[in-house]
Structure formats: C-alpha cells, structure tokens
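In what follows, a single structure is set out as structure tokens and then discussed.
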Amino acid sequence: MKIWEIVALLLVVLALALPFSLLSMDKVFSSKNSVVIRAYITEAGGFKPNLIVVERGQKIRIVVESMDVVHGFAIPSLGINSLVDVGGKRVIEFVAEKRGVYFFGCSIRCSPYHFFMGGIIVVK
Amino acid sequence: MAKRAILILVVLILLTLTASAQMAENARRDSSIKIVYIEAFQFGFTVRAIQEGSNLKVYPEGLDVLVNKGDRVLFRGISRDVTHGFYIDGYTTSDQKIFVLPGRILEIGPITFDREGKFKLRCSVTCGPLHPFMVMDVVVRPNIQYYSLLISTLTVGGFTLLYLQRKSENKLLGGYEREVDILKVRFIGSILEKLLKWRGFQFSLILPSIFFFTLVIVSGFFGNPIGNRNFSIAVVWILWFAIVEFTILFAGRFWCAMCPIPAFGEWIARRRIIGVNNSINSISKIPKIRRWPKALNNMWVSVTGFFVLSLFLPWLVTRPLVTAVVFLVLIIAATLLYIMYQGRYFCKHVCPAGYIGYHSNVSILSVRSRKREICKSHKNKDCIKGNLKGYGCPWKLYPGGNCDNTYCGLCFECIKSCFQNNMTLKIRMIGKDLPKIAAKAKNRFDEAWVGFTRFSFAVFYELIFFGSYYWLKDWGNMGNVYGANLETARLLIPPPWGVINWIRWAFLVSTLVLVYPAVFYVFSWISKKVAGIKIPVKQIFLSFSYALVPYGLFVWIAFAVSLLAVFWTYPLTAFSDPFGWGWNIGARFEWDPFYPELLPFFQTFFILTGLALAINTTYGIAKELLDEHKAFRATAVMSILHIISALILIKVIAG
Ligand code: SF4
Ligand SMILES: [Cu+2]
Ligand SMILES: [Cu+2]
C-alpha cells in the first residue's frame, strides 16, 4: 500500500514540474537554425531580441513572429518589408554582404508607441 | 493650324463623351450598391456613413449594419488604431484573411446579402486581449429567422403548458419516476463498479488536471500576454468552461471529482493521496472551535465570489495573468480551509464555481442508495464515518439518505465504504428530485440568488460578449487595451476614465442581480393572487426560483455552444503551443468558426429546451406545494416570465 502513496506523490511532483520544464524548452520547440524575433508592442518590450550580431558573409535566417497584434518587419536598407500576422511566421533570409549596422523596425502601426519599435542588426 | 485646332477639339469632345459615359456607367453601378463605411477599433466596429448613389448619410455613432435582403453592399473599412480583420458569418470565408490596416482604406465586396437574418461581423485578426469579442451585428431585413424563432418560443411555451395538463395516467415521456441502477447493468455495471471502488480512481482523474492547472498558472504568468494565444485563457475559459456546463447536465458535480483545487488540502489533511488513513476518519478529533461557522453554512460566499469575478469578467477571461492569479488564490484558500476544517467546506460554501452544485440537480447521473431501509437500520453509518475502504463523506453529507446533488462531489467514497453494497450510481430523468428540494427550501435565499445571478448573467454575457455594444465592453474592460503576463503586469494599470467607466459597469451589473429577482418576486406575488394560494409569497418566490436550475443551465449551455463554435480553434492550438510562442508540438488551427450563421438556431434549441424544463419544473414544484388546479394557475403565471426571458434572449441572439 505504502509504495502506491510514494508513486502517487512522485506523479504529483512530476505533474507540477512538467509545465515548468516546458517553459524552459523554448529552444527545442521554436524554429531551429534561425534567429527568432518575437514582436511585442513597444509597451511590452518591442522586438525581442532587438540586437542581432552576425559575421560578414554569413547567411542569416530570421523568423519574425507577432505576439500580440499585427506588426510589420522592415529593414529599409535592404528593401525588406513584410506584414507579420499574429500566430503567423515570416521567414527572412539574406546574406550580410556589407559590414555595418542595419536598422530594422515595425512598419505597421501597432500602438501609440509604434514608432519606437525597432532594433539593429550588426554585421561584423 | 485650323486643322490642328479642329483635331484637338474632336479629341477633346471624344474624351469628354467617353468620360461622361464612364461617369454615367459608374453612377449606374453605384446606385445599386450601398457603400458602408466602417471603422474598426479596439474593440469593436461602428458604421460611420452609408452612401447610396449620391446620397451620403453620416452616422456619428452607428451601431449595427442594417441592410435589406438583396442589397449589394460594398464595405469600406478603416482602422482607428491597430490592424484588424473583417469576417461576416456566412458571407465571407476565413480562408482568405482580410486585414484592415491602419492608415489605409480597405474595400470588401460588394457582398450581395441574399439571406435574411442576423449575422455577426467579427474581427478575424488578433488585435488585443478582447479581440475574440470584437463583433458587430449585421441584420439583413426582413429578419424572418428572428420572427420564426419568436414564434417557436411561444409555441414551445404554449405546448409545454398544454403538456402539463395531460391526464396523469397519460405518461407521454413519462416514467418520470424510473431510475436505472447502472452498477447493475449487464457487462458495464460490474466493470464500472470495480472502477469506482478502485482507490486510485479519483487520483487518476486529478493527476492530469493538476498538470493542466499548473500549465494554466505557468502560462498565465509567463506566456503570451494575449488571451486567445495563451493556454490559460483558451483552455480554461473556452474549453473547460463550456465542457463543465455540459458535464453538469450528464454528471452533475463530476468536475469536482477531478478538480485539483481542493486536492492538495485533502491529501495533506489525510496524509495520504490514494489510501485510507483510518485515524482521521473519526471526526470527533477536530476541536469544537474549528467547526465550520454556521453563518457560512450556505452559498453566500460562493455567489458573492461568482459575482465579484463577474465584475472583472472582461479582465478575467482575456488576461492570462488575472486568470493565473485567481487560480493560485483559489488553490491556496482551498488548501488552508481543508486543513483547518477537515472537509470539503471550501467546495460546498466558498468556491465561486459553486454554481456547478446548484445546477447539479438537473444531472442525469446521481449517487444514491439502493434501499433506504438498509441505511436506516445500519447503526454504524460507514458512509458518514468511513472505514478501511473509504473515507467518510468529505462533503459531510449522509450519503445513504441523500437525495440532493447540490453538495455531492461524486468522489465515490461512499460507494467504496458501504460494506452492504447499498450505494450506487443511478440514471434518472433530468431534475427528478428538484420539486421536492424546492418545496422544502426554507430561507434558502443563497441558492435562489445563485439561480438569479447565473440566469441574468447568462443573458447579459450573451449581450456584451457577442453583441454590438462595444462601449459596454469597454466599460467592463476599464478602457485598457493591453494584454498582460507577469512581465507586462504594469500595463494592467487602467486609465482614470477607465476606472470611472468601470464603476458604471459595476453599477449596471449589480442592478442586474437585483432587478431580475425583483421581477421574479412580482411574478410570484401575481401567481399567489391568481391562484389564490395561502402560502406566503416568500416561500413561493424561493421555491419557484428552482425552476432556474434547469433553465439557467441550458441558457449557459447555449452560451457555451457559441463559445465552442466560434473559438474551437483556440484551445486546440493552445495544446500545441501552450505559451503562445509559436511552437509546433501538435496541430495548429487557423481561426475558422463552425457554421456561425446557424448559431442562432443551435442556441435557440437549447434555450427552448431550458424553457420547457423551467415550466415543467415550476409545475412540479407547485404540485408539491398546492393542489393540481392551483398549481397549474400558478405555473401559468410563472411561465409568462420564463417565456419573456426566452424572448429577450432570442432578441439578443437573433433580433
Ligand atoms: S467546488 Fe470548486 S473547488 Fe471544489 S471541487 Fe468543485 S470546482 Fe473544485
Ligand atoms: Cu509593431
Ligand atoms: Cu480587431
């Protein structure tokens, strides 16, 4: 009889712990081999991450996801601009040929602080 | 030179001719087309202007789109704030998402409205926490659908009254008294009995819900701040909520058997998870001071909790953080109360979901004793005291003599502990015991208020969540457009005008739970006068209020049906992406309502079933209190109120 109590207790602990471990498994389940940028309105943190550093000549694969409302993802100097629906994904691939700092920003109004929503890609 | 001048002239004339022909053509085309200018915003739509031919009408604050059958309508949509979507039930498809982008004019259509009825214009692009409830009515007149539903309501009401007058030996749909002992049914009976007597049964129900509840709390704190993308909201307030309404109908408080909220307290108090700790079975060990206070021996705390949560409902059901915090608080409270008072007092008297118990007397399934006499003659009532096989009823009932589902949590301890094998599960008619319970209810204002609150809120929620009144939603939402998890909790601080509007909303909601009972009281009084009853109005009022047990449940089922039909994709997607981070564990579903244009019919079906049951139950209650003739008259008066309520609901849904 006692053994069942212990098994049950372990199962309960497992049921409690599993959701927490899921929380730390973002790397496993989100898009692999690419930089995932999650777009929140500026008030909630804007683009996460908003600083990306890459080597020159490297092929970059960026997956943009909108989390709360529809955002746009634009890299003006590369002529990239696309709408990102909530729950949808936009894959952007390009080769960073020139050294420098590339600005990216949100191109669709998403909140009163929309214009402050941006980030940079640094090509070393 | 002259030649050239003539040439230019000819060309000019030709140009103007074609241009004017073009314009005439345009005018002809436009004259048959209505252009409706719609503004979308967080969280609603409004008609700004309607253009018919050259006639432009401006509406500063137009609520619904009203068109006539056969109209060709071109929509021009603009957005006031962020990107929204555009979807009309039955007229557009969700395969092609329509984006109403801020700063641009979007043309949709022209759509030919060839079916009459009420359709909803819904936002199809996630635009914030209240996005799922961003709707506006599109009414295509003549609204024949609505009129036919009104007539059906009257017909159902009338026929139910006629049905009541049948001769008592004419048992159409009768056999009301029949019960089936399902533990004696061939094959499944014995298997089921083994299962219910297995000590691990309840644990195996609770274990998965512990996992999901923890996931609800974790994703509420750390997941996506937008409700419909977060497991906590999508699963709790769409899936769980809707399924529970249905479970009540089939199995009463079955949810309470698998609820993780009181489980921890129970296990700690028992110092066992599965087995029986016989030493705690002797209740006498609990000191006197720790007896559950008499003043709380009712559902008042529970109704108040339900009411308070309702005041914050637009937050509760759209903000993952709020849901997580509420659940955490409930678990802590339940655990502490269980340890203090050794019993499911939290569940009986405190839990805001206590309404599940209130409606449980509708349930087809109930735990009952096989033979009362056996229980009566059994001195050492094991179902109360417990033994080595099972605990004494944790809900502090006397299971052997119980004929009321309200406080029975279907934990099946009594089935385990009864060594006479006298406890069983029975299938019966809907609401079989209700008339007796209602007739005996003395001063149960608490239960009556559960009924009133639940019923009036069902109507109200249908109106605010799926109706056009965006400003009402905004009041309840405190004018706050942000979703929130732990990290963005500060965004929940509402603007000052939002708080003022919320006070108005709170006032409105509070009036509702007073006005409906008041009307109910008036009708009870009239029925007393009409039927010439001697019993005090108070008793009639209280007893008749139990008609809301089936009625309220079915009205909520109708609400649940629309939740499931419109939002079924959210919970399913939440299982493959619990935190709303774009994971792909399982299947993803794009938002795609299930036959939303037929929803009014589905919903009316449940509402009218509820209506028929309400009238029938009222008659049953009246017969317990009065002779047949008076009972019928009293029932007739009360049915007027029930029919009116149904008509109001139909108006909200289809009018
Ligand atoms: S009463 Fe509430 S807390 Fe108790 S089991 Fe039922 S739902 Fe859970
Ligand atoms: Cu943005
Ligand atoms: Cu919207």
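All residue names refer to the structure tokens as shown: chains lettered A, B, ... in order, residues numbered from 1 in each chain, ligands numbered from 1 in order.
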
Neighbours of segment 100-110 of chain A within 7 Å (only C-alpha atoms; same-chain residues fewer than 4 positions away dropped), as a ChimeraX atom specification? /A:41,69-77,114,117-124 /B:82,102

So that each row is one residue of chain B with an atom at most 9 Å from chain A, can you give its shortest atom pair and the distance in Å to one decimal, using only C-alpha atoms, rows by chain and rising number, as JSON lines?
```
{"residue": "B:Asp81", "atom": "CA", "partner": "A:Ser111", "partner_atom": "CA", "distance": 7.0}
{"residue": "B:Val82", "atom": "CA", "partner": "A:Cys110", "partner_atom": "CA", "distance": 4.9}
{"residue": "B:Thr83", "atom": "CA", "partner": "A:Val70", "partner_atom": "CA", "distance": 5.8}
{"residue": "B:His84", "atom": "CA", "partner": "A:Val70", "partner_atom": "CA", "distance": 8.1}
{"residue": "B:Leu101", "atom": "CA", "partner": "A:Ile108", "partner_atom": "CA", "distance": 7.7}
{"residue": "B:Pro102", "atom": "CA", "partner": "A:Arg109", "partner_atom": "CA", "distance": 6.4}
{"residue": "B:Gly103", "atom": "CA", "partner": "A:Arg109", "partner_atom": "CA", "distance": 8.3}
{"residue": "B:Val125", "atom": "CA", "partner": "A:Val86", "partner_atom": "CA", "distance": 7.3}
{"residue": "B:Thr126", "atom": "CA", "partner": "A:Val69", "partner_atom": "CA", "distance": 5.8}
{"residue": "B:Cys127", "atom": "CA", "partner": "A:Val69", "partner_atom": "CA", "distance": 4.7}
{"residue": "B:Gly128", "atom": "CA", "partner": "A:Val69", "partner_atom": "CA", "distance": 6.0}
{"residue": "B:Pro129", "atom": "CA", "partner": "A:Asp68", "partner_atom": "CA", "distance": 8.2}
{"residue": "B:Phe203", "atom": "CA", "partner": "A:Ala8", "partner_atom": "CA", "distance": 8.1}
{"residue": "B:Leu207", "atom": "CA", "partner": "A:Val12", "partner_atom": "CA", "distance": 6.5}
{"residue": "B:Pro208", "atom": "CA", "partner": "A:Ala15", "partner_atom": "CA", "distance": 7.3}
{"residue": "B:Ser209", "atom": "CA", "partner": "A:Ala15", "partner_atom": "CA", "distance": 8.7}
{"residue": "B:Ile210", "atom": "CA", "partner": "A:Ala15", "partner_atom": "CA", "distance": 6.2}
{"residue": "B:Phe211", "atom": "CA", "partner": "A:Ala15", "partner_atom": "CA", "distance": 4.5}
{"residue": "B:Phe212", "atom": "CA", "partner": "A:Pro19", "partner_atom": "CA", "distance": 8.1}
{"residue": "B:Phe213", "atom": "CA", "partner": "A:Leu16", "partner_atom": "CA", "distance": 8.8}
{"residue": "B:Thr214", "atom": "CA", "partner": "A:Leu16", "partner_atom": "CA", "distance": 6.0}
{"residue": "B:Leu215", "atom": "CA", "partner": "A:Pro19", "partner_atom": "CA", "distance": 5.0}
{"residue": "B:Val216", "atom": "CA", "partner": "A:Pro19", "partner_atom": "CA", "distance": 8.7}
{"residue": "B:Val218", "atom": "CA", "partner": "A:Pro19", "partner_atom": "CA", "distance": 6.7}
{"residue": "B:Ser219", "atom": "CA", "partner": "A:Leu23", "partner_atom": "CA", "distance": 8.1}
{"residue": "B:Phe222", "atom": "CA", "partner": "A:Leu23", "partner_atom": "CA", "distance": 8.1}
{"residue": "B:Gly223", "atom": "CA", "partner": "A:Leu23", "partner_atom": "CA", "distance": 8.6}
{"residue": "B:Asn224", "atom": "CA", "partner": "A:Met67", "partner_atom": "CA", "distance": 6.8}
{"residue": "B:Pro225", "atom": "CA", "partner": "A:Asp68", "partner_atom": "CA", "distance": 7.0}
{"residue": "B:Ile226", "atom": "CA", "partner": "A:Asp68", "partner_atom": "CA", "distance": 5.7}
{"residue": "B:Arg229", "atom": "CA", "partner": "A:Gly87", "partner_atom": "CA", "distance": 7.8}
{"residue": "B:Arg272", "atom": "CA", "partner": "A:Glu5", "partner_atom": "CA", "distance": 6.7}
{"residue": "B:Ile273", "atom": "CA", "partner": "A:Glu5", "partner_atom": "CA", "distance": 6.0}
{"residue": "B:Ile274", "atom": "CA", "partner": "A:Glu5", "partner_atom": "CA", "distance": 6.2}
{"residue": "B:Gly275", "atom": "CA", "partner": "A:Met1", "partner_atom": "CA", "distance": 7.2}
{"residue": "B:Tyr482", "atom": "CA", "partner": "A:Ala44", "partner_atom": "CA", "distance": 8.8}
{"residue": "B:Gly483", "atom": "CA", "partner": "A:Asp68", "partner_atom": "CA", "distance": 7.8}
{"residue": "B:Ala484", "atom": "CA", "partner": "A:Ala44", "partner_atom": "CA", "distance": 8.5}
{"residue": "B:Glu487", "atom": "CA", "partner": "A:Ala44", "partner_atom": "CA", "distance": 8.1}
{"residue": "B:Thr488", "atom": "CA", "partner": "A:Ala44", "partner_atom": "CA", "distance": 5.8}
{"residue": "B:Leu491", "atom": "CA", "partner": "A:Glu43", "partner_atom": "CA", "distance": 7.7}
{"residue": "B:Phe579", "atom": "CA", "partner": "A:Leu23", "partner_atom": "CA", "distance": 7.9}
{"residue": "B:Gly580", "atom": "CA", "partner": "A:Met67", "partner_atom": "CA", "distance": 7.5}
{"residue": "B:Trp581", "atom": "CA", "partner": "A:Met67", "partner_atom": "CA", "distance": 7.3}
{"residue": "B:Gly582", "atom": "CA", "partner": "A:Gly87", "partner_atom": "CA", "distance": 6.4}
{"residue": "B:Trp583", "atom": "CA", "partner": "A:Ser30", "partner_atom": "CA", "distance": 5.1}
{"residue": "B:Asn584", "atom": "CA", "partner": "A:Phe29", "partner_atom": "CA", "distance": 6.5}
{"residue": "B:Ile585", "atom": "CA", "partner": "A:Phe29", "partner_atom": "CA", "distance": 7.0}
{"residue": "B:Glu590", "atom": "CA", "partner": "A:Gly87", "partner_atom": "CA", "distance": 8.7}
```

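Environment of ligand 1, defined as every protein or nucleic acid residue with an atom within 6 Å of it and counting only C-alpha atoms and all ligand atoms, comprises Cys256, Cys259, Ile261, Pro262, Cys347, Lys348, Cys351, Ala353 and Gly354 of chain B.
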
Given 9 Å and only C-alpha atoms and all ligand atoms, residues near ligand 3 as a PyMOL selection string: (chain A and resi 69) or (chain B and resi 40-45+79+82-86+100+122-128+130-135)

Have a look at atom CA of Ser279 of chain B and atom CA of Asn421 of chain B and let me know their distance in Å, one decimal.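 One can read the atom CA of Ser279 of chain B to atom CA of Asn421 of chain B distance as 22.9 Å.
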
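For Ile37 of chain A, the set of protein, DNA and RNA residues having any atom at most 6 Å away, when counting only C-alpha atoms and skipping those fewer than 2 positions along the same chain, is Lys48, Pro49 and Val64 of chain A.
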
Please extract the residues of segment 12-109 of chain A with a backbone DSSP assignment of alpha helix (DSSP H) and present them as an mmCIF file with N, CA, C and O atoms, in the first residue's frame.
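That gives us selection-v2.cif:
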```cif
data_model
loop_
_atom_site.group_PDB
_atom_site.id
_atom_site.type_symbol
_atom_site.label_atom_id
_atom_site.label_comp_id
_atom_site.auth_asym_id
_atom_site.auth_seq_id
_atom_site.Cartn_x
_atom_site.Cartn_y
_atom_site.Cartn_z
ATOM 1 N N VAL A 12 2.567 13.301 -8.741
ATOM 2 C CA VAL A 12 2.085 14.662 -8.495
ATOM 3 C C VAL A 12 3.216 15.662 -8.698
ATOM 4 O O VAL A 12 3.053 16.695 -9.365
ATOM 5 N N VAL A 13 4.367 15.325 -8.142
ATOM 6 C CA VAL A 13 5.515 16.226 -8.294
ATOM 7 C C VAL A 13 5.842 16.394 -9.780
ATOM 8 O O VAL A 13 6.103 17.494 -10.264
ATOM 9 N N LEU A 14 5.767 15.287 -10.485
ATOM 10 C CA LEU A 14 6.032 15.325 -11.918
ATOM 11 C C LEU A 14 5.034 16.245 -12.627
ATOM 12 O O LEU A 14 5.408 17.092 -13.443
ATOM 13 N N ALA A 15 3.745 16.072 -12.281
ATOM 14 C CA ALA A 15 2.703 16.881 -12.918
ATOM 15 C C ALA A 15 2.906 18.358 -12.617
ATOM 16 O O ALA A 15 2.601 19.222 -13.430
ATOM 17 N N LEU A 16 3.452 18.636 -11.436
ATOM 18 C CA LEU A 16 3.706 20.035 -11.078
ATOM 19 C C LEU A 16 4.938 20.573 -11.789
ATOM 20 O O LEU A 16 5.007 21.743 -12.146
ATOM 21 N N ALA A 17 5.920 19.685 -11.975
ATOM 22 C CA ALA A 17 7.199 20.147 -12.512
ATOM 23 C C ALA A 17 7.188 20.245 -14.033
ATOM 24 O O ALA A 17 7.852 21.100 -14.616
ATOM 25 N N LEU A 18 6.427 19.383 -14.667
ATOM 26 C CA LEU A 18 6.434 19.319 -16.122
ATOM 27 C C LEU A 18 6.150 20.668 -16.800
ATOM 28 O O LEU A 18 6.889 21.062 -17.705
ATOM 29 N N PRO A 19 5.119 21.381 -16.376
ATOM 30 C CA PRO A 19 4.863 22.672 -17.025
ATOM 31 C C PRO A 19 6.041 23.629 -16.912
ATOM 32 O O PRO A 19 6.333 24.376 -17.846
ATOM 33 N N PHE A 20 6.746 23.570 -15.762
ATOM 34 C CA PHE A 20 7.895 24.459 -15.608
ATOM 35 C C PHE A 20 9.019 24.066 -16.560
ATOM 36 O O PHE A 20 9.707 24.919 -17.103
ATOM 37 N N SER A 21 9.174 22.754 -16.721
ATOM 38 C CA SER A 21 10.245 22.341 -17.621
ATOM 39 C C SER A 21 9.871 22.675 -19.065
ATOM 40 O O SER A 21 10.734 23.009 -19.870
ATOM 41 N N LEU A 22 8.569 22.627 -19.364
ATOM 42 C CA LEU A 22 8.134 23.051 -20.705
ATOM 43 C C LEU A 22 8.564 24.484 -20.964
ATOM 44 O O LEU A 22 8.960 24.847 -22.067
ATOM 45 N N LEU A 23 8.446 25.274 -19.908
ATOM 46 C CA LEU A 23 8.747 26.694 -20.017
ATOM 47 C C LEU A 23 10.169 26.927 -20.509
ATOM 48 O O LEU A 23 10.451 27.869 -21.229
ATOM 49 N N ASP A 26 11.914 26.349 -24.802
ATOM 50 C CA ASP A 26 11.662 27.190 -25.968
ATOM 51 C C ASP A 26 12.609 26.855 -27.114
ATOM 52 O O ASP A 26 12.217 26.766 -28.265
ATOM 53 N N LYS A 27 13.875 26.616 -26.759
ATOM 54 C CA LYS A 27 14.883 26.316 -27.789
ATOM 55 C C LYS A 27 14.506 25.075 -28.592
ATOM 56 O O LYS A 27 14.749 24.985 -29.786
ATOM 57 N N VAL A 28 13.918 24.112 -27.900
ATOM 58 C CA VAL A 28 13.600 22.837 -28.543
ATOM 59 C C VAL A 28 12.450 22.975 -29.530
ATOM 60 O O VAL A 28 12.464 22.402 -30.613
ATOM 61 N N PHE A 29 11.452 23.743 -29.140
ATOM 62 C CA PHE A 29 10.229 23.744 -29.938
ATOM 63 C C PHE A 29 10.112 24.874 -30.945
ATOM 64 O O PHE A 29 9.315 24.797 -31.870
#
```

Pick out the residues sitting within 8 Å of segment 239-250 of chain B, and hand them over as a list of chain:residue names; count only C-alpha atoms, and ignore anything fewer than 3 positions along from it in its own chain. B:Ala234, B:Val235, B:Val236, B:Arg253, B:Phe254, B:Trp255, B:Ile356, B:His359, B:Ser360, B:Val362, B:Ser363, B:Ile364, B:Leu365, B:Ile430, B:Leu553, B:Trp556, B:Ile557, B:Ala560, B:Val561, B:Leu563, B:Leu564, B:Trp568, B:Pro571

Would you mind telling me which residue in B:Ile35, B:Asn443, B:Asn230, B:Val73 lies nearest to Val58 of chain B when using only C-alpha atoms?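 Of all the options, B:Ile35 lies closest to Val58 of chain B.
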
Among the residues B:Val140, B:Val555, B:Ile217, B:Ile339, the one that comes closest to Asn485 of chain B [using only C-alpha atoms]: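 Residue with the minimum atom-to-atom distance to Asn485 of chain B: B:Ile217.
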
Just list as a JSON list (two decimals) with N, CA, C and O atoms, in the first residue's frame whatever in segment 350-446 of chain B DSSP marks as strand (DSSP E).
```
[["chain", "number", "residue", "atom", "x", "y", "z"],
["B", 365, "LEU", "N", -27.08, 11.71, -13.84],
["B", 365, "LEU", "CA", -26.37, 10.74, -13.02],
["B", 365, "LEU", "C", -26.33, 11.19, -11.57],
["B", 365, "LEU", "O", -26.03, 12.35, -11.30],
["B", 366, "SER", "N", -26.63, 10.30, -10.66],
["B", 366, "SER", "CA", -26.53, 10.68, -9.25],
["B", 366, "SER", "C", -26.10, 9.50, -8.41],
["B", 366, "SER", "O", -26.38, 8.36, -8.74],
["B", 367, "VAL", "N", -25.43, 9.82, -7.30],
["B", 367, "VAL", "CA", -25.07, 8.77, -6.34],
["B", 367, "VAL", "C", -26.22, 8.66, -5.34],
["B", 367, "VAL", "O", -26.60, 9.65, -4.72],
["B", 368, "ARG", "N", -26.79, 7.48, -5.23],
["B", 368, "ARG", "CA", -27.92, 7.29, -4.33],
["B", 368, "ARG", "C", -27.80, 5.93, -3.66],
["B", 368, "ARG", "O", -27.05, 5.07, -4.11],
["B", 369, "SER", "N", -28.60, 5.74, -2.62],
["B", 369, "SER", "CA", -28.62, 4.42, -2.00],
["B", 369, "SER", "C", -29.63, 3.55, -2.74],
["B", 369, "SER", "O", -30.58, 4.04, -3.32],
["B", 423, "MET", "N", -24.74, 1.57, -1.83],
["B", 423, "MET", "CA", -24.60, 2.84, -2.56],
["B", 423, "MET", "C", -24.33, 2.55, -4.03],
["B", 423, "MET", "O", -23.58, 1.65, -4.37],
["B", 424, "THR", "N", -24.94, 3.34, -4.88],
["B", 424, "THR", "CA", -24.77, 3.09, -6.31],
["B", 424, "THR", "C", -24.90, 4.37, -7.12],
["B", 424, "THR", "O", -25.14, 5.44, -6.58],
["B", 425, "LEU", "N", -24.73, 4.22, -8.42],
["B", 425, "LEU", "CA", -24.90, 5.33, -9.35],
["B", 425, "LEU", "C", -26.20, 5.11, -10.10],
["B", 425, "LEU", "O", -26.41, 4.02, -10.62],
["B", 426, "LYS", "N", -27.03, 6.11, -10.16],
["B", 426, "LYS", "CA", -28.30, 5.91, -10.85],
["B", 426, "LYS", "C", -28.47, 6.91, -11.99],
["B", 426, "LYS", "O", -28.03, 8.06, -11.90],
["B", 427, "ILE", "N", -29.14, 6.44, -13.03],
["B", 427, "ILE", "CA", -29.52, 7.34, -14.12],
["B", 427, "ILE", "C", -31.00, 7.65, -13.95],
["B", 427, "ILE", "O", -31.80, 6.74, -13.76]]
```
